[in-house]
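Structure data follow from start_7.cif (mmCIF, C-alpha atoms and all ligand atoms):
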data_my_file
loop_
_atom_site.label_atom_id
_atom_site.label_comp_id
_atom_site.auth_asym_id
_atom_site.auth_seq_id
_atom_site.Cartn_x
_atom_site.Cartn_y
_atom_site.Cartn_z
CA MET A 1 111.25 65.89 141.36
CA THR A 2 111.45 66.76 145.06
CA GLN A 3 109.46 69.50 146.75
CA GLN A 4 112.38 71.96 146.77
CA HIS A 5 112.63 71.81 142.97
CA LEU A 6 109.06 72.97 142.42
CA PRO A 7 109.01 76.54 141.18
CA SER A 8 107.21 79.08 143.31
CA PRO A 9 104.29 81.01 141.72
CA ILE A 10 105.50 83.03 138.78
CA SER A 11 106.31 86.65 139.18
CA GLU A 12 105.36 89.10 136.43
CA LYS A 13 108.93 90.31 136.15
CA GLY A 14 110.85 87.21 137.09
CA LEU A 15 112.01 84.06 135.35
CA THR A 16 110.36 80.67 135.76
CA LEU A 17 111.76 77.48 134.27
CA ARG A 18 109.57 74.38 134.22
CA SER A 19 110.68 70.84 133.37
CA LEU A 20 113.31 71.86 130.82
CA ASN A 21 114.78 68.90 128.99
CA LYS A 22 117.45 68.82 126.32
CA HIS A 23 119.22 66.02 124.47
CA PHE A 24 122.24 66.28 122.19
CA GLY A 25 121.90 63.03 120.25
CA GLU A 26 121.76 60.25 122.83
CA GLN A 27 123.07 62.46 125.63
CA HIS A 28 120.44 63.77 128.06
CA VAL A 29 122.06 67.11 128.84
CA LEU A 30 119.31 68.76 130.90
CA ARG A 31 116.83 66.75 132.93
CA ASP A 32 113.61 68.34 134.19
CA VAL A 33 115.33 71.57 135.19
CA ALA A 34 112.94 73.79 137.13
CA PHE A 35 113.52 76.87 139.27
CA THR A 36 112.61 80.53 139.54
CA ALA A 37 114.51 83.80 139.77
CA ALA A 38 112.68 86.82 141.17
CA PRO A 39 113.17 90.46 140.08
CA GLY A 40 116.45 91.74 141.48
CA GLU A 41 117.43 88.26 142.58
CA ILE A 42 120.82 86.80 141.67
CA VAL A 43 120.58 83.06 141.18
CA ALA A 44 123.83 81.24 140.53
CA VAL A 45 123.79 78.00 138.57
CA ALA A 46 126.87 76.11 139.73
CA GLY A 47 128.17 72.73 138.76
CA PRO A 48 131.19 70.96 137.33
CA SER A 49 132.34 71.25 133.75
CA GLY A 50 129.82 69.58 131.43
CA ALA A 51 126.96 69.86 133.95
CA GLY A 52 124.82 71.76 131.41
CA LYS A 53 125.15 75.39 132.62
CA THR A 54 125.95 76.92 129.22
CA THR A 55 123.25 74.85 127.51
CA LEU A 56 120.71 76.05 130.07
CA GLY A 57 121.68 79.69 129.40
CA ARG A 58 121.38 79.11 125.64
CA LEU A 59 117.92 77.55 126.04
CA ILE A 60 116.72 80.62 127.93
CA SER A 61 118.12 82.97 125.26
CA GLY A 62 116.65 80.90 122.44
CA LEU A 63 120.02 79.95 120.95
CA GLU A 64 119.11 76.30 121.53
CA GLN A 65 115.66 74.75 121.46
CA ALA A 66 114.46 72.69 124.43
CA ASP A 67 112.98 69.24 123.74
CA ALA A 68 110.33 69.98 126.35
CA GLY A 69 109.59 72.48 129.09
CA GLU A 70 108.69 76.13 129.60
CA VAL A 71 110.67 79.34 129.92
CA VAL A 72 108.44 82.08 131.34
CA LEU A 73 110.07 85.48 131.26
CA ALA A 74 108.39 88.65 132.54
CA GLY A 75 105.03 86.89 132.32
CA ARG A 76 105.50 85.58 128.73
CA ASP A 77 106.20 82.00 127.70
CA VAL A 78 109.11 82.68 125.34
CA VAL A 79 109.84 79.14 124.15
CA GLN A 80 108.45 79.80 120.66
CA LEU A 81 110.09 83.24 120.29
CA PRO A 82 113.35 83.87 118.39
CA PRO A 83 116.32 85.14 120.47
CA GLN A 84 115.92 88.81 119.49
CA LYS A 85 112.33 88.87 120.80
CA ARG A 86 113.14 87.34 124.19
CA HIS A 87 114.85 90.40 125.71
CA VAL A 88 117.69 88.44 127.28
CA ALA A 89 121.09 90.08 127.88
CA HIS A 90 123.51 87.17 127.55
CA MET A 91 127.20 87.31 128.27
CA PHE A 92 128.87 84.39 126.53
CA GLU A 93 131.72 82.38 127.95
CA SER A 94 133.49 82.96 124.59
CA PHE A 95 132.86 86.77 124.81
CA ALA A 96 131.67 86.98 121.13
CA LEU A 97 132.93 90.55 120.67
CA TYR A 98 132.79 92.38 117.33
CA PRO A 99 136.43 92.30 116.16
CA THR A 100 136.26 95.50 114.10
CA LEU A 101 134.66 97.64 116.83
CA SER A 102 136.42 99.41 119.69
CA ALA A 103 135.71 98.45 123.30
CA PHE A 104 133.39 101.49 123.57
CA ASP A 105 131.45 100.58 120.42
CA ASN A 106 131.19 96.92 121.45
CA VAL A 107 129.62 97.95 124.74
CA ALA A 108 127.36 100.54 123.05
CA SER A 109 126.23 98.13 120.31
CA PRO A 110 123.11 96.70 122.06
CA LEU A 111 121.89 100.24 122.83
CA ARG A 112 122.26 101.24 119.16
CA SER A 113 120.59 98.09 117.85
CA PRO A 114 117.12 98.37 116.21
CA ALA A 115 115.99 95.67 118.70
CA CYS A 116 116.74 97.98 121.68
CA ARG A 117 113.49 98.91 123.43
CA GLU A 118 114.73 102.13 125.06
CA LYS A 119 116.31 104.14 122.19
CA PRO A 120 118.71 106.17 124.36
CA ASP A 121 120.35 109.22 122.75
CA ALA A 122 124.10 109.50 122.15
CA ALA A 123 124.77 111.31 125.43
CA ALA A 124 122.89 108.68 127.46
CA ILE A 125 124.74 105.89 125.64
CA ARG A 126 128.10 107.54 126.38
CA ALA A 127 127.26 107.97 130.07
CA ARG A 128 126.10 104.36 130.51
CA VAL A 129 129.01 102.86 128.59
CA MET A 130 131.67 104.93 130.36
CA GLU A 131 130.23 104.20 133.80
CA LEU A 132 130.65 100.47 133.17
CA LEU A 133 134.08 100.77 131.58
CA GLU A 134 135.18 102.69 134.67
CA LEU A 135 133.62 100.18 137.05
CA THR A 136 135.53 97.36 135.36
CA GLU A 137 138.75 99.43 135.16
CA ILE A 138 139.07 99.50 131.36
CA ALA A 139 137.97 103.10 130.59
CA HIS A 140 141.50 103.80 129.32
CA LEU A 141 141.00 101.06 126.69
CA ALA A 142 137.75 102.49 125.30
CA ASP A 143 139.21 103.02 121.82
CA ARG A 144 141.03 99.70 121.60
CA ARG A 145 139.87 96.77 119.49
CA PRO A 146 139.51 93.27 120.98
CA SER A 147 142.55 91.97 119.05
CA ASP A 148 144.74 94.37 121.06
CA MET A 149 143.38 93.30 124.45
CA SER A 150 144.19 90.54 126.94
CA GLY A 151 141.70 87.77 127.73
CA GLY A 152 140.71 89.43 131.01
CA GLN A 153 140.20 92.82 129.29
CA LYS A 154 138.02 91.24 126.59
CA GLN A 155 136.00 89.51 129.28
CA ARG A 156 135.32 92.86 130.92
CA VAL A 157 134.17 94.37 127.59
CA ALA A 158 131.77 91.45 127.18
CA LEU A 159 130.54 91.93 130.75
CA CYS A 160 129.96 95.66 130.18
CA ARG A 161 128.13 94.97 126.92
CA THR A 162 125.71 92.77 128.86
CA LEU A 163 125.24 94.94 131.95
CA VAL A 164 124.60 98.09 129.85
CA GLN A 165 121.28 96.64 128.68
CA GLN A 166 117.84 96.73 130.29
CA PRO A 167 116.55 93.25 129.39
CA ASP A 168 114.05 90.98 131.13
CA VAL A 169 116.84 88.75 132.45
CA PHE A 170 120.64 88.85 132.56
CA ILE A 171 122.58 85.66 131.89
CA LEU A 172 126.25 85.86 132.83
CA ASP A 173 128.20 82.76 131.75
CA GLU A 174 131.42 82.60 133.79
CA PRO A 175 131.61 86.42 133.84
CA ILE A 176 134.78 86.93 135.89
CA GLY A 177 136.73 83.69 135.39
CA HIS A 178 139.64 85.32 133.53
CA LEU A 179 140.25 88.15 136.00
CA ASP A 180 142.83 88.34 138.77
CA ALA A 181 141.73 87.61 142.34
CA LYS A 182 141.60 91.27 143.43
CA LEU A 183 139.42 92.38 140.52
CA ARG A 184 137.23 89.28 140.87
CA HIS A 185 136.51 90.20 144.49
CA LYS A 186 135.79 93.82 143.63
CA LEU A 187 133.51 93.01 140.69
CA ARG A 188 131.70 90.27 142.57
CA SER A 189 130.45 92.73 145.15
CA GLU A 190 130.01 95.68 142.75
CA ILE A 191 127.99 93.64 140.27
CA ARG A 192 125.97 92.11 143.08
CA GLN A 193 125.05 95.55 144.43
CA ARG A 194 124.19 96.82 140.98
CA GLN A 195 122.04 93.86 139.96
CA LYS A 196 120.21 93.76 143.32
CA ALA A 197 118.95 97.28 142.65
CA LEU A 198 117.38 96.30 139.30
CA ALA A 199 113.95 94.99 138.48
CA GLN A 200 115.30 92.02 136.50
CA PRO A 201 116.72 88.72 137.71
CA THR A 202 120.30 87.68 137.01
CA LEU A 203 121.52 84.14 136.34
CA TRP A 204 125.20 83.74 137.12
CA LEU A 205 126.64 80.54 135.62
CA THR A 206 129.89 79.31 137.12
CA PRO A 207 131.79 76.12 137.93
CA ASP A 208 133.17 77.86 141.03
CA VAL A 209 130.77 77.07 143.87
CA VAL A 210 132.56 79.40 146.28
CA GLU A 211 132.05 82.28 143.82
CA ALA A 212 128.42 81.21 143.37
CA MET A 213 127.81 81.26 147.12
CA ALA A 214 129.51 84.65 147.52
CA VAL A 215 127.61 86.43 144.76
CA ALA A 216 124.16 84.86 144.69
CA ASP A 217 121.03 85.00 146.80
CA ARG A 218 120.44 81.34 146.00
CA VAL A 219 122.52 78.67 144.30
CA VAL A 220 121.12 76.00 141.99
CA MET A 221 123.46 72.99 142.04
CA LEU A 222 123.43 71.36 138.62
CA VAL A 223 125.11 67.96 138.29
CA ASP A 224 124.81 65.76 135.18
CA GLY A 225 122.06 68.03 133.86
CA GLY A 226 119.84 67.66 136.93
CA VAL A 227 119.09 70.08 139.76
CA ARG A 228 120.41 68.39 142.90
CA GLN A 229 119.80 71.19 145.38
CA ILE A 230 118.65 74.81 145.53
CA GLY A 231 119.66 76.84 148.54
CA GLN A 232 121.68 79.49 150.23
CA ALA A 233 125.36 79.06 151.00
CA GLN A 234 124.78 77.64 154.47
CA ASP A 235 122.20 75.07 153.27
CA LEU A 236 124.61 73.74 150.69
CA THR A 237 127.57 73.75 153.05
CA LEU A 238 125.99 72.31 156.20
CA ALA A 239 123.42 69.99 154.62
CA PRO A 240 124.45 69.05 151.07
CA ALA A 241 121.69 67.05 149.38
CA ASP A 242 124.07 64.31 148.30
CA MET A 243 127.73 63.35 148.11
CA ASP A 244 128.23 65.06 144.73
CA VAL A 245 127.04 68.38 146.17
CA ALA A 246 129.18 67.77 149.28
CA ARG A 247 132.27 67.28 147.10
CA LEU A 248 131.56 70.51 145.21
CA THR A 249 130.69 72.90 148.05
CA GLY A 250 132.60 74.40 150.93
CA ASP A 251 136.08 75.83 151.03
CA PRO A 252 137.56 73.30 151.40
CA ALA A 253 134.83 70.78 150.65
CA MET A 254 133.25 68.52 153.24
CA ASN A 255 135.27 65.49 154.32
CA LEU A 256 133.73 62.23 153.16
CA LEU A 257 135.01 59.28 155.13
CA GLN A 258 133.97 55.72 154.34
CA VAL A 259 133.12 53.83 157.52
CA GLN A 260 132.21 50.24 158.27
CA LEU A 261 130.04 50.04 161.39
CA HIS A 262 129.71 47.22 163.89
CA GLN A 263 127.34 46.86 166.81
CA HIS A 264 128.68 45.70 170.14
CA GLU A 265 126.79 45.76 173.45
CA ARG A 266 124.18 48.28 172.23
CA GLN A 267 126.83 50.67 170.96
CA TRP A 268 127.99 51.41 167.42
CA TRP A 269 131.66 51.33 166.46
CA ALA A 270 133.49 52.22 163.25
CA GLY A 271 136.25 49.79 162.34
CA PHE A 272 139.59 50.82 160.85
CA GLU A 273 142.89 49.02 160.27
CA TRP A 274 144.17 50.38 163.59
CA GLY A 275 141.07 49.43 165.62
CA TYR A 276 137.60 50.66 166.49
CA THR A 277 136.13 53.95 167.57
CA LEU A 278 132.78 54.71 169.13
CA VAL A 279 130.36 56.66 166.88
CA PRO A 280 127.09 58.43 167.77
CA PHE A 281 124.25 55.97 168.35
CA TRP A 282 121.94 57.63 165.77
CA LEU A 283 124.50 57.01 163.05
CA GLY A 284 124.43 53.25 163.55
CA GLN A 285 120.65 53.12 163.89
CA CYS A 286 120.04 55.14 160.71
CA LEU A 287 122.55 53.15 158.71
CA ALA A 288 121.25 49.79 159.95
CA GLU A 289 117.81 50.69 158.52
CA THR A 290 119.30 50.79 155.00
CA GLY A 291 120.37 47.15 155.20
CA SER A 292 124.05 48.06 154.81
CA LEU A 293 126.60 48.93 157.47
CA SER A 294 129.08 50.60 155.15
CA ALA A 295 128.58 54.22 154.10
CA HIS A 296 130.17 57.64 153.91
CA ILE A 297 129.97 60.11 156.75
CA GLY A 298 130.58 63.82 156.11
CA PHE A 299 131.96 66.60 158.28
CA LEU A 300 133.43 69.98 157.46
CA PRO A 301 137.16 70.66 157.76
CA ALA A 302 136.29 73.66 159.93
CA HIS A 303 134.47 71.36 162.39
CA THR A 304 137.27 68.78 162.53
CA ARG A 305 139.22 68.93 165.80
CA VAL A 306 142.78 67.59 165.72
CA GLN A 307 144.90 66.79 168.73
CA PRO A 308 148.68 66.37 168.29
CA LEU A 309 150.17 63.33 170.04
CA THR A 310 153.57 62.07 171.03
CA VAL A 311 154.57 58.71 169.54
CA ALA A 312 153.96 57.04 172.94
CA GLU A 313 150.48 58.56 173.20
CA SER A 314 149.63 57.48 169.66
CA GLU A 315 150.27 53.82 170.53
CA ALA A 316 147.67 53.80 173.33
CA PRO A 317 144.07 53.03 172.25
CA PRO A 318 142.33 56.24 171.13
CA GLU A 319 139.77 57.71 173.48
CA ALA A 320 136.08 57.28 172.62
CA GLY A 321 135.12 59.02 169.40
CA ALA A 322 138.70 59.70 168.30
CA LEU A 323 140.23 58.47 165.04
CA ARG A 324 143.89 57.65 164.68
CA ALA A 325 145.53 59.65 161.88
CA THR A 326 148.84 61.05 160.69
CA VAL A 327 149.60 64.43 159.19
CA TYR A 328 150.01 64.08 155.41
CA GLY A 329 150.09 67.71 154.29
CA VAL A 330 150.42 71.12 155.94
CA GLU A 331 149.26 74.30 154.15
CA PRO A 332 149.73 77.48 156.19
CA PHE A 333 147.28 80.22 155.17
CA GLY A 334 148.32 82.81 157.75
CA LYS A 335 145.11 83.03 159.79
CA TYR A 336 144.69 79.25 159.85
CA THR A 337 146.43 76.10 158.69
CA LEU A 338 144.89 73.49 156.47
CA LEU A 339 145.97 69.97 157.35
CA THR A 340 145.56 66.92 155.16
CA LEU A 341 145.33 63.86 157.39
CA ARG A 342 145.65 60.18 156.53
CA ILE A 343 143.32 57.69 158.17
CA ASP A 344 144.34 54.25 156.85
CA GLU A 345 144.29 54.88 153.07
CA GLN A 346 141.72 57.70 153.24
CA ARG A 347 142.44 61.43 153.33
CA ILE A 348 140.51 64.12 155.17
CA ARG A 349 141.19 67.80 155.79
CA ALA A 350 141.06 69.95 158.90
CA LYS A 351 141.13 73.72 159.26
CA VAL A 352 143.11 74.32 162.44
CA ALA A 353 144.74 77.15 164.37
CA ALA A 354 147.89 78.45 162.75
CA HIS A 355 150.11 78.67 165.81
CA LEU A 356 150.98 74.96 166.30
CA PRO A 357 154.12 73.65 164.56
CA TRP A 358 152.58 70.74 162.64
CA GLN A 359 155.00 68.12 161.30
CA LEU A 360 154.53 65.70 158.41
CA GLU A 361 153.86 62.13 159.60
CA GLN A 362 153.06 63.44 163.07
CA PRO A 363 150.52 61.17 164.85
CA VAL A 364 147.24 62.88 165.79
CA HIS A 365 143.76 62.10 166.99
CA VAL A 366 140.84 63.41 164.97
CA PHE A 367 137.51 63.99 166.69
CA LEU A 368 134.30 63.69 164.70
CA PRO A 369 132.06 66.66 165.43
CA GLU A 370 128.84 65.83 167.26
CA GLN A 371 126.96 68.66 165.51
CA GLY A 372 127.18 68.80 161.75
CA LEU A 373 127.95 65.14 161.22
CA CYS A 374 126.23 63.94 158.02
CA LEU A 375 125.40 60.41 156.92
CA PHE A 376 124.95 59.59 153.23
CA HIS A 377 122.80 56.72 152.00
CA PRO A 378 125.00 53.76 151.00
CA GLN A 379 123.23 53.25 147.65
CA SER A 380 121.85 56.64 146.54
CA GLY A 381 124.54 58.81 148.16
CA ARG A 382 121.77 61.16 149.37
CA LEU A 383 121.93 62.88 152.75
CA MET A 384 119.98 60.84 155.30
CA PRO A 385 117.76 62.57 157.81
CA ARG A 386 119.47 62.57 161.17
CA GLY A 387 118.03 60.23 163.79
CA HIS A 388 117.67 60.85 167.49
N1 LIG B 401 126.18 71.66 120.46
C1 LIG B 401 126.44 70.56 121.17
N2 LIG B 401 126.41 69.35 120.56
C2 LIG B 401 126.63 68.21 121.26
N3 LIG B 401 126.91 68.19 122.60
C3 LIG B 401 126.96 69.36 123.24
C4 LIG B 401 126.73 70.61 122.56
N4 LIG B 401 126.84 71.61 123.48
C5 LIG B 401 127.13 71.03 124.66
N5 LIG B 401 127.20 69.69 124.51
C6 LIG B 401 127.44 68.71 125.60
O1 LIG B 401 126.48 68.95 126.61
C7 LIG B 401 127.05 68.80 127.91
C8 LIG B 401 126.83 70.08 128.69
O2 LIG B 401 127.63 71.11 128.12
P1 LIG B 401 127.63 72.59 128.69
O3 LIG B 401 128.57 73.38 127.83
O4 LIG B 401 126.25 73.07 128.80
O5 LIG B 401 128.26 72.36 130.13
P2 LIG B 401 128.81 73.43 131.17
O6 LIG B 401 128.25 73.05 132.49
O7 LIG B 401 128.53 74.81 130.69
O8 LIG B 401 130.37 73.15 131.13
P3 LIG B 401 131.62 74.19 131.28
O9 LIG B 401 131.65 74.60 132.73
O10 LIG B 401 132.79 73.33 130.91
O11 LIG B 401 131.39 75.34 130.35
C9 LIG B 401 128.51 68.46 127.69
O12 LIG B 401 128.65 67.05 127.80
C10 LIG B 401 128.78 68.92 126.28
O13 LIG B 401 129.80 68.14 125.69
#
Represent the structure from my file as structure tokens, please.
Amino acid sequence: MTQQHLPSPISEKGLTLRSLNKHFGEQHVLRDVAFTAAPGEIVAVAGPSGAGKTTLGRLISGLEQADAGEVVLAGRDVVQLPPQKRHVAHMFESFALYPTLSAFDNVASPLRSPACREKPDAAAIRARVMELLELTEIAHLADRRPSDMSGGQKQRVALCRTLVQQPDVFILDEPIGHLDAKLRHKLRSEIRQRQKALAQPTLWLTPDVVEAMAVADRVVMLVDGGVRQIGQAQDLTLAPADMDVARLTGDPAMNLLQVQLHQHERQWWAGFEWGYTLVPFWLGQCLAETGSLSAHIGFLPAHTRVQPLTVAESEAPPEAGALRATVYGVEPFGKYTLLTLRIDEQRIRAKVAAHLPWQLEQPVHVFLPEQGLCLFHPQSGRLMPRGH
């Protein structure tokens, strides 16, 4: 476990996870998961499908038992407690609505339950439920049953039923995945504002790292059941802990280009089928220390400069630091254009100004950025500290 994975001192009202482990049969689904979420903090747990996000949420709620580890919630170690005594408001990916109840009654159900700590009266319940139904734009469906609703409408009922509670932690498992882009944007910021004002932490589980970065104060990157990195959007984007995190973060994700380095007259060169290009000296020195001269370098599409060339220009040797490439794909997004570029058999992407008329198969030079160039260890795939 690295230093960044160590939980900070526990807060009376927050959530602290320590060394959580879970197997399903032979499969090690969660490995030493440890992090904290402070009161009012939104922590997103992001990672690809099968990373263990749902299982982690279920361990915190008590719907699954951990093999080992601690879940400390509002100052209590809750590992031995049954779900109803943990005071967790959990929105399930599957919604789990009551089929015979209306949308209103589904949302009101936790407030009417004997396990509810607050015992609000009917008027208070109505006010809280309607406020959420209005926020999520389904107030007009208050009397409808789940069977007469779309997937996105059911998801909003499930979301309201979770947010209406006053638990010790909120767990939202893919809470807005079924909604259209406009509503997703609105709810992302509305829910963020709402949860930030509360005294409880919120865990937001999602495979969408861009959503995670937009909504959360910090993002926990979970890959293969292990925490690879915890950080804010810019930490994950500019300095991903390893190549898996680099592939998952950014919009679009960081370019990962395999290079084979060679030293010649105290300079380092990357070799390609079309020839060699000069690379920063620190890159060669750092890589040489690993005992291998082949590795992946990373750079963001937004930092990738592309220069269009005529055919005649493209046949001359590229200037120092430039890579020879051809345009493979052009996606105009209005404010900018996203280019896919082919360098030998590899593909990279570049976010470029929209005004140039890019052509498929057009020859270009690509310039590696001096700042923001990352080197990943040839064996572990971890980000290497940058040399001088
Ligand atoms: N009850 C179970 N029995 C056996 N294996 C399980 C069980 N629940 C989950 N798994 C396995 O554990 C791993 C993690 O699953 P989990 O649902 O937690 O992932 P996830 O990150 O939430 O994925 P998704 O984004 O697709 O929902 C997967 O390989 C899954 O097949």
Write out as a PDB file with C-alpha atoms, in the frame of the given file each polymer residue (protein, DNA or RNA) that has an atom no more than 12 Å from ligand LIG 401 (chain B), with only C-alpha atoms and all ligand atoms counted.
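Dumped everything to pocket.pdb:
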ATOM      1  CA  ASN A  21     114.780  68.900 128.990  1.00  0.00           C
ATOM      2  CA  LYS A  22     117.450  68.820 126.320  1.00  0.00           C
ATOM      3  CA  HIS A  23     119.220  66.020 124.470  1.00  0.00           C
ATOM      4  CA  PHE A  24     122.240  66.280 122.190  1.00  0.00           C
ATOM      5  CA  GLY A  25     121.900  63.030 120.250  1.00  0.00           C
ATOM      6  CA  GLU A  26     121.760  60.250 122.830  1.00  0.00           C
ATOM      7  CA  GLN A  27     123.070  62.460 125.630  1.00  0.00           C
ATOM      8  CA  HIS A  28     120.440  63.770 128.060  1.00  0.00           C
ATOM      9  CA  VAL A  29     122.060  67.110 128.840  1.00  0.00           C
ATOM     10  CA  LEU A  30     119.310  68.760 130.900  1.00  0.00           C
ATOM     11  CA  ARG A  31     116.830  66.750 132.930  1.00  0.00           C
ATOM     12  CA  VAL A  45     123.790  78.000 138.570  1.00  0.00           C
ATOM     13  CA  ALA A  46     126.870  76.110 139.730  1.00  0.00           C
ATOM     14  CA  GLY A  47     128.170  72.730 138.760  1.00  0.00           C
ATOM     15  CA  PRO A  48     131.190  70.960 137.330  1.00  0.00           C
ATOM     16  CA  SER A  49     132.340  71.250 133.750  1.00  0.00           C
ATOM     17  CA  GLY A  50     129.820  69.580 131.430  1.00  0.00           C
ATOM     18  CA  ALA A  51     126.960  69.860 133.950  1.00  0.00           C
ATOM     19  CA  GLY A  52     124.820  71.760 131.410  1.00  0.00           C
ATOM     20  CA  LYS A  53     125.150  75.390 132.620  1.00  0.00           C
ATOM     21  CA  THR A  54     125.950  76.920 129.220  1.00  0.00           C
ATOM     22  CA  THR A  55     123.250  74.850 127.510  1.00  0.00           C
ATOM     23  CA  LEU A  56     120.710  76.050 130.070  1.00  0.00           C
ATOM     24  CA  GLY A  57     121.680  79.690 129.400  1.00  0.00           C
ATOM     25  CA  ARG A  58     121.380  79.110 125.640  1.00  0.00           C
ATOM     26  CA  LEU A  59     117.920  77.550 126.040  1.00  0.00           C
ATOM     27  CA  LEU A  63     120.020  79.950 120.950  1.00  0.00           C
ATOM     28  CA  GLU A  64     119.110  76.300 121.530  1.00  0.00           C
ATOM     29  CA  GLN A  65     115.660  74.750 121.460  1.00  0.00           C
ATOM     30  CA  PHE A  92     128.870  84.390 126.530  1.00  0.00           C
ATOM     31  CA  GLU A  93     131.720  82.380 127.950  1.00  0.00           C
ATOM     32  CA  SER A  94     133.490  82.960 124.590  1.00  0.00           C
ATOM     33  CA  LEU A 172     126.250  85.860 132.830  1.00  0.00           C
ATOM     34  CA  ASP A 173     128.200  82.760 131.750  1.00  0.00           C
ATOM     35  CA  GLU A 174     131.420  82.600 133.790  1.00  0.00           C
ATOM     36  CA  PRO A 175     131.610  86.420 133.840  1.00  0.00           C
ATOM     37  CA  GLY A 177     136.730  83.690 135.390  1.00  0.00           C
ATOM     38  CA  TRP A 204     125.200  83.740 137.120  1.00  0.00           C
ATOM     39  CA  LEU A 205     126.640  80.540 135.620  1.00  0.00           C
ATOM     40  CA  THR A 206     129.890  79.310 137.120  1.00  0.00           C
ATOM     41  CA  PRO A 207     131.790  76.120 137.930  1.00  0.00           C
ATOM     42  CA  ASP A 208     133.170  77.860 141.030  1.00  0.00           C
ATOM     43  CA  VAL A 209     130.770  77.070 143.870  1.00  0.00           C
ATOM     44  CA  MET A 221     123.460  72.990 142.040  1.00  0.00           C
ATOM     45  CA  LEU A 222     123.430  71.360 138.620  1.00  0.00           C
ATOM     46  CA  VAL A 223     125.110  67.960 138.290  1.00  0.00           C
ATOM     47  CA  ASP A 224     124.810  65.760 135.180  1.00  0.00           C
ATOM     48  CA  GLY A 225     122.060  68.030 133.860  1.00  0.00           C
ATOM     49  CA  GLY A 226     119.840  67.660 136.930  1.00  0.00           C
TER      50      GLY A 226
END
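When CA of Leu283 (chain A) is paired with CA of Leu375 (chain A), their separation reads 7.1 Å.
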*Point out the residue among A:Pro240, A:Pro83, A:Gly40, A:Gly329 with the least atom-to-atom distance to Leu360 (chain A), counting only C-alpha atoms.*
A:Gly329
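As for CA of Gln200 (chain A) and CA of Phe170 (chain A), they are spaced 7.4 Å apart.
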*Minimum-distance residue to His178 (chain A), chosen among A:His365, A:Lys351, A:Arg266, A:Lys154 (using all atoms listed in the file)*: A:Lys154
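Here CA of Asn106 (chain A) and CA of Asp168 (chain A) stand 20.6 Å from one another.
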_Within-12 Å shell of (137.3, 102.1, 133.2) in input frame, all atoms listed in the file, as a PyMOL selection string_ = chain A and resi 103-104+128-143+153+156-157+160
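Close to (133.9, 52.9, 157.5), meaning no more than 10 Å away when counting all atoms listed in the file, sit the residues Leu257, Gln258, Val259, Gln260, Leu261, His262, Trp269, Ala270, Gly271, Phe272, Tyr276, Leu293, Ser294, Ala295, His296 and Ile297 of chain A.
Between Ser19 (chain A) and the candidates A:Ala37, A:Ala197, A:Ala66, A:Ile42, the tightest atom-to-atom separation, counting all atoms listed in the file, involves A:Ala66.
Nearest to His355 (chain A) of all the residues A:Leu383, A:Leu159, A:Leu287, A:Leu338 is A:Leu338, counting only C-alpha atoms.
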_Report as number ranges by chain all protein, DNA and RNA residues lying within 12 Å of Ala181 (chain A), evaluated on all atoms listed in the file, omitting residues in the same chain fewer than 5 positions from it._
A: 152, 176, 186-188, 211
*Minimum-distance residue to Gly372 (chain A), chosen among A:Leu163, A:Leu300, A:Val78, A:Ala96 (using only C-alpha atoms)*: A:Leu300
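Comparing A:Ala320, A:Val366, A:Val164, A:Val330 by their smallest distance to Thr304 (chain A), the closest is A:Val366 (using all atoms listed in the file).
The environment of Ile171 (chain A) within 6 Å, counting all atoms listed in the file and disregarding residues fewer than 2 places along the same chain, consists of A:His90, A:Thr202, A:Leu203.
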*asked:* Which residues are close to Gly381 (chain A), i.e. within 6 Å by all atoms listed in the file, leaving aside same-chain residues fewer than 2 positions away? Reply as a ChimeraX atom specification.
replied: /A:242-243,376-379
Can we get region 45-52 of chain A of that structure written down with N, CA and C atoms, as a PDB file, in the first residue's frame?
ATOM      1  N   VAL A  45     -16.066   6.664  -6.756  1.00  0.00           N
ATOM      2  CA  VAL A  45     -15.274   5.465  -6.973  1.00  0.00           C
ATOM      3  C   VAL A  45     -15.497   5.100  -8.431  1.00  0.00           C
ATOM      4  N   ALA A  46     -14.433   5.248  -9.224  1.00  0.00           N
ATOM      5  CA  ALA A  46     -14.553   5.050 -10.669  1.00  0.00           C
ATOM      6  C   ALA A  46     -13.658   3.888 -11.082  1.00  0.00           C
ATOM      7  N   GLY A  47     -14.104   3.194 -12.099  1.00  0.00           N
ATOM      8  CA  GLY A  47     -13.289   2.088 -12.600  1.00  0.00           C
ATOM      9  C   GLY A  47     -14.097   1.327 -13.623  1.00  0.00           C
ATOM     10  N   PRO A  48     -13.429   0.503 -14.411  1.00  0.00           N
ATOM     11  CA  PRO A  48     -14.140  -0.202 -15.483  1.00  0.00           C
ATOM     12  C   PRO A  48     -15.116  -1.230 -14.936  1.00  0.00           C
ATOM     13  N   SER A  49     -15.948  -1.739 -15.813  1.00  0.00           N
ATOM     14  CA  SER A  49     -16.912  -2.766 -15.426  1.00  0.00           C
ATOM     15  C   SER A  49     -16.171  -3.952 -14.805  1.00  0.00           C
ATOM     16  N   GLY A  50     -16.679  -4.420 -13.655  1.00  0.00           N
ATOM     17  CA  GLY A  50     -16.053  -5.556 -12.979  1.00  0.00           C
ATOM     18  C   GLY A  50     -14.944  -5.166 -12.030  1.00  0.00           C
ATOM     19  N   ALA A  51     -14.688  -3.854 -11.878  1.00  0.00           N
ATOM     20  CA  ALA A  51     -13.593  -3.406 -11.004  1.00  0.00           C
ATOM     21  C   ALA A  51     -13.890  -3.676  -9.528  1.00  0.00           C
ATOM     22  N   GLY A  52     -15.179  -3.793  -9.171  1.00  0.00           N
ATOM     23  CA  GLY A  52     -15.525  -4.053  -7.771  1.00  0.00           C
ATOM     24  C   GLY A  52     -16.303  -2.928  -7.118  1.00  0.00           C
TER      25      GLY A  52
END
